[in-house]
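J.: Please read through the structure below; I'll follow up with questions.
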Amino acid sequence: ANIGADGRPNVDYIRDVYADLMNMGRQMARDGDVAGITPPDSDDDLEDQRRQWPRTPLTGPSLAIAKYWLKLARQRRTCLKLVRGYLQRMTKDTCDLCGRKQSAGAVMSCSIVHPNTGEVDDMYLNELIKQFNEKTEGRPFDENLWKAFFRETAKLITRCDRCIDQVEQAKIEA
């Protein structure tokens, strides 16, 4: 029989290495491990806090605020879903900021620009939705009217992945 790297027969060596690889990441105690080094499971603490959360139904102003927030969140999700295809179609092949091209391997993305600041502002969608709701007050939500309003009102910019990363990095450093 062939001898393995640790001096035992090759079959035993391979079996033990395979078992070690299969058990890797399972937090199993191994020979030479020092007790108490593994941090306690903080996930259990979070789970306990969730279980302790009060389950009394909301009433009065709390209920009204929660319902209002939920209505806005659902409308934002619906509106964004309706214009996502338009945003994809409006994505150009060239970055508006640095001029990189999609053919050179850059990944392009179309974003909403705040008209006053000229900067990308994904939260400006909330303002557009508010303007749309004021314009169509009293009427039920119409998907086609929303899409037309968005195409008419929204200012868009195409940015490459590198420019997006630079902006995000600047936000982190600030």
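Just remember, in the structure tokens the first chain shown is A, the second B, etc., residues are 1-based per chain, and ligands are 1-based in the order shown.
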As a list in words, please: the residues near Arg151 of chain A (cut-off 9 Å, only C-alpha atoms, same-chain neighbours under 5 positions excluded).
T.: Val83, Tyr86 and Trp146 of chain A
J.: In chain A, what's helix (DSSP H, G or I) per DSSP? Answer as a VMD selection string?
T.: chain A and resid 10 to 23 42 to 52 60 to 89 102 to 104 124 to 135 143 to 153 161 to 173
J.: Atom CA of Arg159 of chain A and atom CA of Met108 of chain A, how far apart in Å?
T.: 5.6 Å
J.: Would you pick out the contacts of Leu87 of chain A at 8 Å or less, using only C-alpha atoms, so that residues sharing its chain but fewer than 3 positions from it are not included, and give the list as a list in words?
T.: Val83, Arg84, Met90, Thr91, Cys110 and Ser111 of chain A
J.: Those residues with N, CA, C and O atoms, as a PDB file, in the first residue's frame please?
T.:
ATOM      1  N   VAL A  83     -42.006  51.428 -14.196  1.00  0.00           N
ATOM      2  CA  VAL A  83     -41.061  52.214 -15.012  1.00  0.00           C
ATOM      3  C   VAL A  83     -39.697  51.535 -15.160  1.00  0.00           C
ATOM      4  O   VAL A  83     -38.818  52.065 -15.838  1.00  0.00           O
ATOM      5  N   ARG A  84     -39.516  50.386 -14.549  1.00  0.00           N
ATOM      6  CA  ARG A  84     -38.225  49.689 -14.641  1.00  0.00           C
ATOM      7  C   ARG A  84     -37.852  49.387 -16.093  1.00  0.00           C
ATOM      8  O   ARG A  84     -36.715  49.576 -16.506  1.00  0.00           O
ATOM      9  N   MET A  90     -33.910  53.290 -21.593  1.00  0.00           N
ATOM     10  CA  MET A  90     -33.250  54.592 -21.655  1.00  0.00           C
ATOM     11  C   MET A  90     -31.765  54.523 -21.302  1.00  0.00           C
ATOM     12  O   MET A  90     -31.061  55.527 -21.380  1.00  0.00           O
ATOM     13  N   THR A  91     -31.288  53.361 -20.902  1.00  0.00           N
ATOM     14  CA  THR A  91     -29.871  53.201 -20.590  1.00  0.00           C
ATOM     15  C   THR A  91     -29.079  53.284 -21.882  1.00  0.00           C
ATOM     16  O   THR A  91     -29.298  52.509 -22.808  1.00  0.00           O
ATOM     17  N   CYS A 110     -29.135  53.197 -15.615  1.00  0.00           N
ATOM     18  CA  CYS A 110     -29.875  54.455 -15.755  1.00  0.00           C
ATOM     19  C   CYS A 110     -30.497  54.798 -14.406  1.00  0.00           C
ATOM     20  O   CYS A 110     -31.107  53.944 -13.769  1.00  0.00           O
ATOM     21  N   SER A 111     -30.326  56.050 -13.975  1.00  0.00           N
ATOM     22  CA  SER A 111     -30.809  56.479 -12.664  1.00  0.00           C
ATOM     23  C   SER A 111     -31.584  57.784 -12.776  1.00  0.00           C
ATOM     24  O   SER A 111     -31.400  58.549 -13.719  1.00  0.00           O
TER      25      SER A 111
END
J.: Measuring between only C-alpha atoms, which one of A:Leu128, A:Val11, A:Leu70, A:Leu63 shows the shortest distance to Glu152 of chain A?
T.: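 The closest residue to Glu152 of chain A is A:Leu128.
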J.: What's the 9 Å shell around Ile129 of chain A, counting only C-alpha atoms, without same-chain residues fewer than 6 positions away, as a PyMOL selection string?
T.: chain A and resi 75-76+79+146+150
J.: Any chance you could list, as an MDAnalysis selection string, the residues in segment 19-157 of chain A that come up strand (DSSP E) when DSSP is run on the backbone?
T.: chainID A and resid 108:113 155:157
J.: Write the selection just made, keeping all heavy atoms, as a short mmCIF file (atom, residue, chain, number, x, y, z; two decimals), in the first residue's frame?
T.:
data_model
loop_
_atom_site.label_atom_id
_atom_site.label_comp_id
_atom_site.auth_asym_id
_atom_site.auth_seq_id
_atom_site.Cartn_x
_atom_site.Cartn_y
_atom_site.Cartn_z
N MET A 108 -23.59 49.55 -17.67
CA MET A 108 -24.32 50.82 -17.59
C MET A 108 -25.60 50.67 -16.78
O MET A 108 -26.22 49.61 -16.77
CB MET A 108 -24.67 51.33 -18.98
CG MET A 108 -23.49 51.58 -19.88
SD MET A 108 -22.42 52.84 -19.20
CE MET A 108 -21.00 52.64 -20.22
N SER A 109 -25.97 51.77 -16.13
CA SER A 109 -27.18 51.80 -15.33
C SER A 109 -27.82 53.18 -15.47
O SER A 109 -27.14 54.20 -15.43
CB SER A 109 -26.83 51.52 -13.87
OG SER A 109 -27.96 51.64 -13.06
N CYS A 110 -29.14 53.20 -15.62
CA CYS A 110 -29.88 54.45 -15.76
C CYS A 110 -30.50 54.80 -14.41
O CYS A 110 -31.11 53.94 -13.77
CB CYS A 110 -30.95 54.29 -16.82
SG CYS A 110 -31.77 55.83 -17.24
N SER A 111 -30.33 56.05 -13.97
CA SER A 111 -30.81 56.48 -12.66
C SER A 111 -31.58 57.78 -12.78
O SER A 111 -31.40 58.55 -13.72
CB SER A 111 -29.63 56.68 -11.70
OG SER A 111 -28.86 55.51 -11.61
N ILE A 112 -32.40 58.04 -11.76
CA ILE A 112 -33.19 59.27 -11.69
C ILE A 112 -32.31 60.38 -11.10
O ILE A 112 -31.58 60.17 -10.13
CB ILE A 112 -34.43 59.07 -10.80
CG1 ILE A 112 -35.30 57.94 -11.37
CG2 ILE A 112 -35.22 60.35 -10.67
CD1 ILE A 112 -36.42 57.51 -10.46
N VAL A 113 -32.39 61.56 -11.72
CA VAL A 113 -31.61 62.71 -11.27
C VAL A 113 -32.56 63.74 -10.65
O VAL A 113 -33.63 64.02 -11.19
CB VAL A 113 -30.87 63.36 -12.47
CG1 VAL A 113 -30.15 64.61 -12.06
CG2 VAL A 113 -29.92 62.37 -13.09
N LYS A 155 -35.95 63.21 -14.93
CA LYS A 155 -34.66 63.45 -15.56
C LYS A 155 -33.79 62.24 -15.28
O LYS A 155 -33.68 61.80 -14.14
CB LYS A 155 -34.00 64.71 -14.98
CG LYS A 155 -34.86 65.95 -15.02
CD LYS A 155 -35.00 66.47 -16.43
CE LYS A 155 -35.75 67.78 -16.44
NZ LYS A 155 -37.05 67.72 -17.03
N LEU A 156 -33.16 61.72 -16.33
CA LEU A 156 -32.39 60.48 -16.19
C LEU A 156 -30.93 60.69 -16.60
O LEU A 156 -30.62 61.58 -17.38
CB LEU A 156 -33.00 59.38 -17.05
CG LEU A 156 -34.49 59.08 -16.81
CD1 LEU A 156 -35.00 58.07 -17.81
CD2 LEU A 156 -34.71 58.59 -15.39
N ILE A 157 -30.07 59.83 -16.07
CA ILE A 157 -28.65 59.84 -16.42
C ILE A 157 -28.17 58.40 -16.50
O ILE A 157 -28.64 57.55 -15.75
CB ILE A 157 -27.84 60.64 -15.38
CG1 ILE A 157 -26.39 60.82 -15.84
CG2 ILE A 157 -27.88 59.97 -14.03
CD1 ILE A 157 -25.59 61.75 -14.96
#
J.: By how many Å are atom CA of Lys71 of chain A and atom CA of Lys135 of chain A apart?
T.: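 These atoms are spaced 17.9 Å apart.
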J.: Show which residues sit within 10 Å of Gly105 of chain A, as a PyMOL selection string. Count only C-alpha atoms, and ignore same-chain residues fewer than 4 positions away.
T.: chain A and resi 100-101+160-161
J.: For Gln88 of chain A, which residue among A:Ala170, A:Thr158, A:Leu58, A:Val17 is the nearest when counting only C-alpha atoms?
T.: A:Thr158
